[in-house]
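So this block is start16.tsv, TSV, C-alpha atoms:
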chain	number	residue	atom	x	y	z
A	1	MET	CA	23.65	8.62	11.16
A	2	ASP	CA	24.60	5.66	9.02
A	3	VAL	CA	27.04	5.85	6.12
A	4	SER	CA	29.49	3.74	4.13
A	5	PRO	CA	32.54	4.25	1.91
A	6	TYR	CA	30.40	2.69	-0.81
A	7	TYR	CA	27.77	5.43	-0.71
A	8	GLY	CA	28.65	7.87	-3.44
A	9	TYR	CA	32.00	6.13	-3.75
A	10	TYR	CA	33.34	7.88	-0.64
A	11	LYS	CA	31.47	11.13	-1.21
A	12	ALA	CA	28.93	10.54	1.57
A	13	GLU	CA	31.68	10.32	4.16
A	14	GLU	CA	33.49	13.30	2.65
A	15	VAL	CA	30.37	15.46	2.89
A	16	LEU	CA	29.91	14.50	6.54
A	17	GLY	CA	33.54	15.42	7.07
A	18	THR	CA	32.70	19.02	6.20
A	19	VAL	CA	30.06	19.11	8.94
A	20	PHE	CA	31.31	17.04	11.85
A	21	PRO	CA	34.13	19.41	12.90
A	22	HIS	CA	31.44	21.97	13.71
A	23	ILE	CA	29.29	19.66	15.87
A	24	PRO	CA	30.18	18.58	19.41
A	25	ARG	CA	31.12	14.89	19.28
A	26	ASP	CA	28.65	13.95	22.00
A	27	LYS	CA	25.74	15.27	19.92
A	28	PHE	CA	25.71	12.54	17.27
A	29	LEU	CA	26.22	8.82	16.73
A	30	ILE	CA	27.78	7.65	13.48
A	31	SER	CA	28.09	4.21	11.95
A	32	THR	CA	30.01	3.25	8.84
A	33	LYS	CA	30.93	0.02	7.09
A	34	VAL	CA	33.77	-2.04	5.67
A	35	GLY	CA	33.92	-4.61	2.89
A	36	ARG	CA	32.07	-2.92	0.05
A	37	TYR	CA	33.57	-0.07	-1.96
A	38	GLY	CA	33.32	1.57	-5.35
A	39	GLU	CA	36.04	2.41	-7.83
A	40	ASN	CA	35.61	4.01	-11.26
A	41	GLY	CA	31.91	3.21	-11.39
A	42	HIS	CA	32.33	-0.43	-10.34
A	43	ASN	CA	31.60	-2.39	-7.18
A	44	VAL	CA	34.64	-3.57	-5.26
A	45	TRP	CA	34.41	-6.12	-2.45
A	46	ASP	CA	37.29	-6.75	-0.08
A	47	TYR	CA	36.65	-8.43	3.26
A	48	SER	CA	40.28	-9.03	4.20
A	49	ALA	CA	41.40	-8.08	7.68
A	50	SER	CA	43.97	-5.61	6.40
A	51	ARG	CA	41.46	-3.80	4.18
A	52	ALA	CA	38.87	-3.69	6.96
A	53	SER	CA	41.32	-2.09	9.38
A	54	ARG	CA	42.60	0.35	6.79
A	55	SER	CA	39.06	1.24	5.75
A	56	VAL	CA	38.11	2.27	9.29
A	57	TYR	CA	41.05	4.68	9.50
A	58	GLU	CA	40.28	6.03	6.03
A	59	SER	CA	36.67	6.64	7.07
A	60	MET	CA	37.82	8.48	10.19
A	61	GLU	CA	40.09	10.65	8.08
A	62	ARG	CA	37.33	11.49	5.57
A	63	MET	CA	34.88	12.35	8.36
A	64	HIS	CA	37.48	14.07	10.57
A	65	LEU	CA	36.78	11.76	13.51
A	66	ASP	CA	39.04	9.99	15.97
A	67	TYR	CA	36.38	7.47	16.97
A	68	ILE	CA	33.47	5.73	15.20
A	69	ASP	CA	30.52	4.59	17.27
A	70	MET	CA	29.65	1.54	15.20
A	71	VAL	CA	31.25	-0.30	12.26
A	72	PHE	CA	29.41	-2.91	10.18
A	73	VAL	CA	30.70	-5.53	7.80
A	74	HIS	CA	28.76	-4.43	4.73
A	75	ASP	CA	26.46	-6.72	2.70
A	76	ILE	CA	27.96	-10.00	3.81
A	77	GLU	CA	26.08	-11.98	1.15
A	78	PHE	CA	28.83	-10.88	-1.24
A	79	ALA	CA	31.51	-12.37	1.01
A	80	ASP	CA	32.69	-15.79	2.04
A	81	LEU	CA	30.83	-15.96	5.34
A	82	ARG	CA	33.58	-18.03	6.91
A	83	ARG	CA	36.08	-15.30	6.03
A	84	VAL	CA	33.83	-12.69	7.62
A	85	ALA	CA	33.67	-14.78	10.79
A	86	ASP	CA	37.37	-15.68	10.90
A	87	GLU	CA	39.02	-12.55	9.49
A	88	THR	CA	36.88	-9.44	9.00
A	89	LEU	CA	35.12	-9.45	12.36
A	90	PRO	CA	38.28	-10.20	14.39
A	91	ALA	CA	39.97	-7.22	12.71
A	92	LEU	CA	37.12	-4.99	13.84
A	93	LEU	CA	37.17	-6.48	17.32
A	94	GLU	CA	40.84	-5.54	17.60
A	95	LEU	CA	39.99	-1.95	16.70
A	96	LYS	CA	37.25	-2.05	19.30
A	97	ARG	CA	39.77	-3.29	21.87
A	98	GLN	CA	42.00	-0.35	20.98
A	99	GLY	CA	39.13	2.10	21.46
A	100	VAL	CA	38.94	3.12	17.80
A	101	ILE	CA	35.35	1.89	17.37
A	102	GLY	CA	32.54	1.35	19.83
A	103	HIS	CA	30.48	-1.54	18.50
A	104	VAL	CA	30.73	-4.18	15.76
A	105	GLY	CA	27.99	-5.49	13.51
A	106	CYS	CA	27.00	-6.90	10.13
A	107	THR	CA	24.55	-5.81	7.45
A	108	ASP	CA	22.75	-7.88	4.86
A	109	LEU	CA	19.51	-8.22	2.98
A	110	GLN	CA	19.48	-11.96	3.68
A	111	LEU	CA	18.49	-12.60	7.28
A	112	GLU	CA	19.76	-16.18	7.09
A	113	ASN	CA	23.31	-14.90	6.55
A	114	LEU	CA	23.10	-12.71	9.64
A	115	ARG	CA	21.92	-15.68	11.66
A	116	TRP	CA	24.77	-17.85	10.31
A	117	ILE	CA	27.42	-15.31	11.30
A	118	ILE	CA	26.06	-15.03	14.82
A	119	GLU	CA	25.93	-18.83	15.15
A	120	HIS	CA	29.53	-19.21	13.95
A	121	THR	CA	31.24	-16.56	16.05
A	122	GLU	CA	31.88	-16.19	19.76
A	123	PRO	CA	29.00	-14.66	21.75
A	124	GLY	CA	29.25	-10.89	21.77
A	125	THR	CA	31.25	-10.69	18.53
A	126	VAL	CA	28.27	-9.38	16.55
A	127	GLU	CA	26.59	-6.80	18.74
A	128	VAL	CA	24.15	-5.41	16.18
A	129	VAL	CA	22.71	-6.27	12.78
A	130	LEU	CA	21.30	-3.96	10.14
A	131	ASN	CA	18.73	-5.57	7.87
A	132	PHE	CA	16.83	-3.77	5.16
A	133	CYS	CA	13.52	-4.21	3.36
A	134	HIS	CA	12.26	-6.87	5.78
A	135	TYR	CA	10.06	-4.86	8.08
A	136	THR	CA	7.98	-2.94	5.58
A	137	LEU	CA	4.41	-2.89	4.35
A	138	ASN	CA	5.26	-5.56	1.81
A	139	ASP	CA	7.60	-7.75	3.86
A	140	ASP	CA	7.75	-8.40	7.61
A	141	LYS	CA	10.10	-11.39	7.54
A	142	LEU	CA	12.32	-9.72	10.16
A	143	LEU	CA	9.72	-10.69	12.77
A	144	ASP	CA	10.65	-14.35	12.30
A	145	PHE	CA	14.22	-13.64	13.44
A	146	LEU	CA	13.66	-11.31	16.39
A	147	ASP	CA	13.56	-14.12	18.95
A	148	PHE	CA	16.92	-15.37	17.67
A	149	PHE	CA	18.54	-11.94	17.80
A	150	GLU	CA	17.15	-11.23	21.24
A	151	ASP	CA	18.26	-14.61	22.57
A	152	HIS	CA	21.80	-13.79	21.38
A	153	HIS	CA	21.68	-10.23	22.77
A	154	VAL	CA	22.08	-8.71	19.31
A	155	GLY	CA	20.59	-5.31	18.60
A	156	VAL	CA	18.48	-4.85	15.46
A	157	ILE	CA	18.38	-1.91	13.08
A	158	ASN	CA	15.61	-1.91	10.50
A	159	ALA	CA	16.50	-0.03	7.32
A	160	SER	CA	14.78	1.10	4.14
A	161	PRO	CA	11.15	1.54	5.32
A	162	PHE	CA	10.20	2.44	1.74
A	163	ALA	CA	11.68	-0.82	0.38
A	164	MET	CA	14.18	1.06	-1.79
A	165	GLY	CA	11.42	3.01	-3.50
A	166	LEU	CA	8.75	0.32	-3.82
A	167	LEU	CA	6.56	2.07	-1.25
A	168	THR	CA	6.63	5.54	-2.75
A	169	ARG	CA	4.45	7.46	-5.16
A	170	ARG	CA	7.50	8.15	-7.31
A	171	GLY	CA	8.14	4.43	-7.71
A	172	ILE	CA	11.31	2.41	-7.98
A	173	PRO	CA	14.59	3.43	-9.60
A	174	GLN	CA	15.49	1.67	-12.82
A	175	TRP	CA	18.06	-0.54	-11.09
A	176	HIS	CA	15.65	-1.94	-8.48
A	177	PRO	CA	15.85	-5.76	-8.46
A	178	ALA	CA	12.28	-6.47	-7.26
A	179	PRO	CA	10.26	-8.84	-9.47
A	180	ARG	CA	7.61	-7.22	-11.65
A	181	PRO	CA	4.53	-8.68	-9.86
A	182	LEU	CA	5.75	-7.17	-6.58
A	183	VAL	CA	6.40	-3.81	-8.22
A	184	GLU	CA	2.89	-3.79	-9.66
A	185	ALA	CA	1.31	-4.78	-6.33
A	186	CYS	CA	3.09	-1.93	-4.55
A	187	ARG	CA	2.00	0.48	-7.28
A	188	ARG	CA	-1.61	-0.55	-6.68
A	189	ALA	CA	-1.09	0.00	-2.97
A	190	ALA	CA	0.29	3.49	-3.62
A	191	ASP	CA	-2.71	4.31	-5.81
A	192	LEU	CA	-5.05	3.09	-3.06
A	193	CYS	CA	-3.36	5.39	-0.56
A	194	ASP	CA	-3.67	8.30	-2.99
A	195	ARG	CA	-7.40	7.73	-3.23
A	196	HIS	CA	-7.55	8.00	0.55
A	197	GLN	CA	-5.36	11.14	0.43
A	198	TYR	CA	-2.92	9.35	2.69
A	199	PRO	CA	0.56	9.13	1.11
A	200	ILE	CA	1.93	5.62	1.03
A	201	GLU	CA	5.20	7.04	2.35
A	202	LYS	CA	3.36	8.04	5.52
A	203	LEU	CA	1.84	4.59	6.00
A	204	ALA	CA	5.15	2.92	5.21
A	205	MET	CA	7.06	5.02	7.73
A	206	GLN	CA	4.44	4.52	10.40
A	207	PHE	CA	4.40	0.75	9.92
A	208	ALA	CA	8.20	0.41	9.81
A	209	THR	CA	8.54	2.16	13.16
A	210	SER	CA	5.59	0.44	14.83
A	211	CYS	CA	7.29	-2.64	16.28
A	212	PRO	CA	8.39	-2.04	19.89
A	213	ARG	CA	10.98	-4.81	19.59
A	214	ILE	CA	12.86	-2.86	16.91
A	215	ALA	CA	14.51	0.14	18.51
A	216	THR	CA	15.89	1.88	15.41
A	217	THR	CA	14.72	2.40	11.85
A	218	VAL	CA	17.04	4.02	9.31
A	219	PHE	CA	15.85	5.89	6.23
A	220	SER	CA	17.67	7.99	3.66
A	221	THR	CA	16.77	11.36	2.22
A	222	THR	CA	18.41	14.26	0.45
A	223	SER	CA	15.87	16.80	1.67
A	224	VAL	CA	15.49	18.46	5.06
A	225	ASP	CA	11.76	18.86	4.29
A	226	ASN	CA	11.41	15.11	3.74
A	227	LEU	CA	13.36	14.42	6.91
A	228	MET	CA	11.04	16.56	9.00
A	229	ARG	CA	7.95	15.18	7.26
A	230	ASN	CA	8.96	11.59	8.02
A	231	ILE	CA	9.60	12.46	11.66
A	232	ARG	CA	6.15	14.03	11.82
A	233	TYR	CA	4.57	10.94	10.25
A	234	VAL	CA	6.02	8.74	12.99
A	235	GLY	CA	4.35	10.86	15.63
A	236	GLU	CA	0.88	10.60	14.06
A	237	GLU	CA	-1.60	7.80	14.59
A	238	ILE	CA	-1.66	5.17	11.85
A	239	ASP	CA	-4.83	4.52	9.86
A	240	ARG	CA	-5.30	0.84	10.66
A	241	GLU	CA	-8.18	0.30	8.25
A	242	LEU	CA	-6.07	1.64	5.40
A	243	LEU	CA	-3.18	-0.52	6.59
A	244	ARG	CA	-5.42	-3.58	6.34
A	245	GLU	CA	-6.53	-2.62	2.81
A	246	VAL	CA	-2.94	-2.06	1.71
A	247	MET	CA	-1.90	-5.45	3.05
A	248	GLU	CA	-4.77	-7.05	1.13
A	249	THR	CA	-3.81	-5.17	-2.02
A	250	ILE	CA	-0.21	-6.38	-1.86
A	251	GLY	CA	-1.70	-9.81	-1.19
A	252	SER	CA	0.30	-12.79	-2.42
A	253	GLN	CA	3.33	-10.57	-3.08
A	254	ARG	CA	3.94	-10.00	0.62
A	255	ARG	CA	7.29	-11.42	1.69
A	256	VAL	CA	8.42	-11.73	-1.92
A	257	SER	CA	12.03	-10.61	-1.91
A	258	TRP	CA	15.01	-10.44	-4.26
A	259	LYS	CA	18.77	-10.78	-4.34
A	260	ASN	CA	20.91	-7.80	-3.47
A	261	THR	CA	22.84	-6.09	-6.27

Please render this file's structure as structure tokens.
Amino acid sequence: MDVSPYYGYYKAEEVLGTVFPHIPRDKFLISTKVGRYGENGHNVWDYSASRASRSVYESMERMHLDYIDMVFVHDIEFADLRRVADETLPALLELKRQGVIGHVGCTDLQLENLRWIIEHTEPGTVEVVLNFCHYTLNDDKLLDFLDFFEDHHVGVINASPFAMGLLTRRGIPQWHPAPRPLVEACRRAADLCDRHQYPIEKLAMQFATSCPRIATTVFSTTSVDNLMRNIRYVGEEIDRELLREVMETIGSQRRVSWKNT
């Protein structure tokens, strides 16, 4: 499971804290994040060493844990990358040394930032990266960086196989930052899948989990039914002809991205 203090402004961790005491600790892996928070309906960013350390202990308290398997520096594009390298990550490494956390990583939409951090820290500092919306039906830019991550022995987590709602029949939330031509192209792709009676969510999930070089794909849901449906999709054979048609439909909008918000 992957969570963050930012999700629901601490509520996501608090909800997990009602469940974890009833589950044997060796039955789950949990990751959380530091650096991005929410207060009174507003984003708050704080990548200082002191806040990072305090945040980890606060997360453990909310989730009723004495150990967190993995901690990420959250959305580093909002930080001074040099500060992340010189201050935030060393604070997490100290907690790792103390046995409070298991592994240290970074998350970002911008793959270039993840590469920069790895290049400007000691080998082994960043053990894993989480990148979202870059191995999806509409954008496979993550492939361009896999050699780099593998060469530096960095694990890769692919997140948001539905591109934050772009690759769903319901469509994007109002706040989605994707440019309009990309939104329209993905809507056409969803309509095409509907005509084939093959939900675009199914194709998106199958594609996002299809690369053998990417061990883990993270998706979010509020429904147990959706969770089980997505797991079932992954186990079914992908319709490669439909995949080709969808790629053609998205066309020139493939690999069009946006800035995080």

Neighbour list for stretch 31-48 of chain A as a PDB file with C-alpha atoms, keeping the file's coordinate frame, cut-off 8 Å, only C-alpha atoms, skip fewer than 4 positions in-chain:
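The result, written out as part02.pdb:
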ATOM      1  CA  MET A   1      23.650   8.620  11.160  1.00  0.00           C
ATOM      2  CA  ASP A   2      24.600   5.660   9.020  1.00  0.00           C
ATOM      3  CA  VAL A   3      27.040   5.850   6.120  1.00  0.00           C
ATOM      4  CA  SER A   4      29.490   3.740   4.130  1.00  0.00           C
ATOM      5  CA  PRO A   5      32.540   4.250   1.910  1.00  0.00           C
ATOM      6  CA  TYR A   6      30.400   2.690  -0.810  1.00  0.00           C
ATOM      7  CA  TYR A   9      32.000   6.130  -3.750  1.00  0.00           C
ATOM      8  CA  TYR A  10      33.340   7.880  -0.640  1.00  0.00           C
ATOM      9  CA  ALA A  52      38.870  -3.690   6.960  1.00  0.00           C
ATOM     10  CA  SER A  55      39.060   1.240   5.750  1.00  0.00           C
ATOM     11  CA  VAL A  56      38.110   2.270   9.290  1.00  0.00           C
ATOM     12  CA  SER A  59      36.670   6.640   7.070  1.00  0.00           C
ATOM     13  CA  ILE A  68      33.470   5.730  15.200  1.00  0.00           C
ATOM     14  CA  ASP A  69      30.520   4.590  17.270  1.00  0.00           C
ATOM     15  CA  MET A  70      29.650   1.540  15.200  1.00  0.00           C
ATOM     16  CA  VAL A  71      31.250  -0.300  12.260  1.00  0.00           C
ATOM     17  CA  PHE A  72      29.410  -2.910  10.180  1.00  0.00           C
ATOM     18  CA  VAL A  73      30.700  -5.530   7.800  1.00  0.00           C
ATOM     19  CA  HIS A  74      28.760  -4.430   4.730  1.00  0.00           C
ATOM     20  CA  ASP A  75      26.460  -6.720   2.700  1.00  0.00           C
ATOM     21  CA  PHE A  78      28.830 -10.880  -1.240  1.00  0.00           C
ATOM     22  CA  ALA A  79      31.510 -12.370   1.010  1.00  0.00           C
ATOM     23  CA  ARG A  83      36.080 -15.300   6.030  1.00  0.00           C
ATOM     24  CA  VAL A  84      33.830 -12.690   7.620  1.00  0.00           C
ATOM     25  CA  GLU A  87      39.020 -12.550   9.490  1.00  0.00           C
ATOM     26  CA  THR A  88      36.880  -9.440   9.000  1.00  0.00           C
TER      27      THR A  88
END

Around (4.9, 8.1, -5.7) in the file's own coordinates, what residues are found within 10 Å if you use only C-alpha atoms, given back as a list in words?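 Nearby residues: Gly165, Leu166, Leu167, Thr168, Arg169, Arg170, Gly171, Ile172, Arg187, Ala190, Asp191, Asp194, Pro199, Ile200 and Glu201 of chain A.
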
Select, from A:Asp80, A:Glu94, A:Gly102, A:Arg62, the residue with the minimum atom-to-atom distance to A:Leu29, counting all atoms listed in the file. A:Gly102

What's the separation between atom CA of A:Asn158 and atom CA of A:Tyr198, in Å to one decimal place?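 Atom-to-atom, atom CA of A:Asn158 to atom CA of A:Tyr198, that is 23.0 Å.
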
With all atoms listed in the file as the basis for distance, which of A:Trp258, A:Lys96, A:Asp26, A:Gly124 is at the shortest distance from A:Ala178? A:Trp258

Residues within 8 Å of A:Asp139, please, as an mmCIF file with C-alpha atoms, keeping the file's coordinate frame. Count all atoms listed in the file; anything in the same chain fewer than 2 positions from it doesn't count.
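Ended up saving to part07.cif:
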data_model
loop_
_atom_site.group_PDB
_atom_site.id
_atom_site.type_symbol
_atom_site.label_atom_id
_atom_site.label_comp_id
_atom_site.auth_asym_id
_atom_site.auth_seq_id
_atom_site.Cartn_x
_atom_site.Cartn_y
_atom_site.Cartn_z
ATOM 1 C CA CYS A 133 13.520 -4.210 3.360
ATOM 2 C CA HIS A 134 12.260 -6.870 5.780
ATOM 3 C CA TYR A 135 10.060 -4.860 8.080
ATOM 4 C CA THR A 136 7.980 -2.940 5.580
ATOM 5 C CA LEU A 137 4.410 -2.890 4.350
ATOM 6 C CA LYS A 141 10.100 -11.390 7.540
ATOM 7 C CA ARG A 254 3.940 -10.000 0.620
ATOM 8 C CA ARG A 255 7.290 -11.420 1.690
ATOM 9 C CA VAL A 256 8.420 -11.730 -1.920
ATOM 10 C CA SER A 257 12.030 -10.610 -1.910
#

Which of these, A:Leu182, A:Ile214, A:Gln197, A:Val234, has the shortest distance to A:Val129 once you count all atoms listed in the file?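 With all atoms listed in the file as the atom set, the closest residue is A:Ile214.
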
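Reported to one decimal place, the separation of atom CA of A:Cys211 from atom CA of A:Phe149 is 14.7 Å.
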
Atom CA of A:Ala208 to atom CA of A:Arg232 measures 13.9 Å

My structure is short of atoms at stretch 224-237 of chain A; please model N, CA, C and O atoms there, returning them as a short mmCIF file (atom, residue, chain, number, x, y, z; two decimals), in the frame of the given file.
data_model
loop_
_atom_site.label_atom_id
_atom_site.label_comp_id
_atom_site.auth_asym_id
_atom_site.auth_seq_id
_atom_site.Cartn_x
_atom_site.Cartn_y
_atom_site.Cartn_z
N VAL A 224 15.84 18.16 3.68
CA VAL A 224 15.49 18.46 5.06
C VAL A 224 13.97 18.42 5.23
O VAL A 224 13.45 17.95 6.25
N ASP A 225 13.23 18.88 4.22
CA ASP A 225 11.76 18.86 4.29
C ASP A 225 11.26 17.43 4.44
O ASP A 225 10.35 17.15 5.24
N ASN A 226 11.83 16.51 3.64
CA ASN A 226 11.41 15.11 3.74
C ASN A 226 11.78 14.53 5.09
O ASN A 226 11.02 13.73 5.67
N LEU A 227 12.93 14.89 5.59
CA LEU A 227 13.36 14.42 6.91
C LEU A 227 12.34 14.82 7.97
O LEU A 227 11.88 13.98 8.76
N MET A 228 11.98 16.08 7.99
CA MET A 228 11.04 16.56 9.00
C MET A 228 9.65 15.97 8.80
O MET A 228 8.94 15.69 9.77
N ARG A 229 9.26 15.77 7.54
CA ARG A 229 7.95 15.18 7.26
C ARG A 229 7.89 13.74 7.78
O ARG A 229 6.89 13.34 8.39
N ASN A 230 8.95 12.97 7.55
CA ASN A 230 8.96 11.59 8.02
C ASN A 230 8.94 11.52 9.55
O ASN A 230 8.27 10.65 10.13
N ILE A 231 9.64 12.41 10.19
CA ILE A 231 9.60 12.46 11.66
C ILE A 231 8.19 12.78 12.13
O ILE A 231 7.69 12.18 13.10
N ARG A 232 7.53 13.69 11.44
CA ARG A 232 6.15 14.03 11.82
C ARG A 232 5.22 12.85 11.61
O ARG A 232 4.34 12.59 12.43
N TYR A 233 5.40 12.12 10.51
CA TYR A 233 4.57 10.94 10.25
C TYR A 233 4.63 9.95 11.41
O TYR A 233 3.61 9.39 11.82
N VAL A 234 5.84 9.73 11.92
CA VAL A 234 6.02 8.74 12.99
C VAL A 234 5.22 9.12 14.23
O VAL A 234 4.72 8.25 14.95
N GLY A 235 5.06 10.41 14.46
CA GLY A 235 4.35 10.86 15.63
C GLY A 235 2.84 10.88 15.50
O GLY A 235 2.12 11.13 16.48
N GLU A 236 2.32 10.58 14.29
CA GLU A 236 0.88 10.60 14.06
C GLU A 236 0.31 9.19 14.13
O GLU A 236 1.00 8.21 13.87
N GLU A 237 -0.95 9.10 14.46
CA GLU A 237 -1.60 7.80 14.59
C GLU A 237 -1.81 7.17 13.21
O GLU A 237 -2.27 7.82 12.27
#
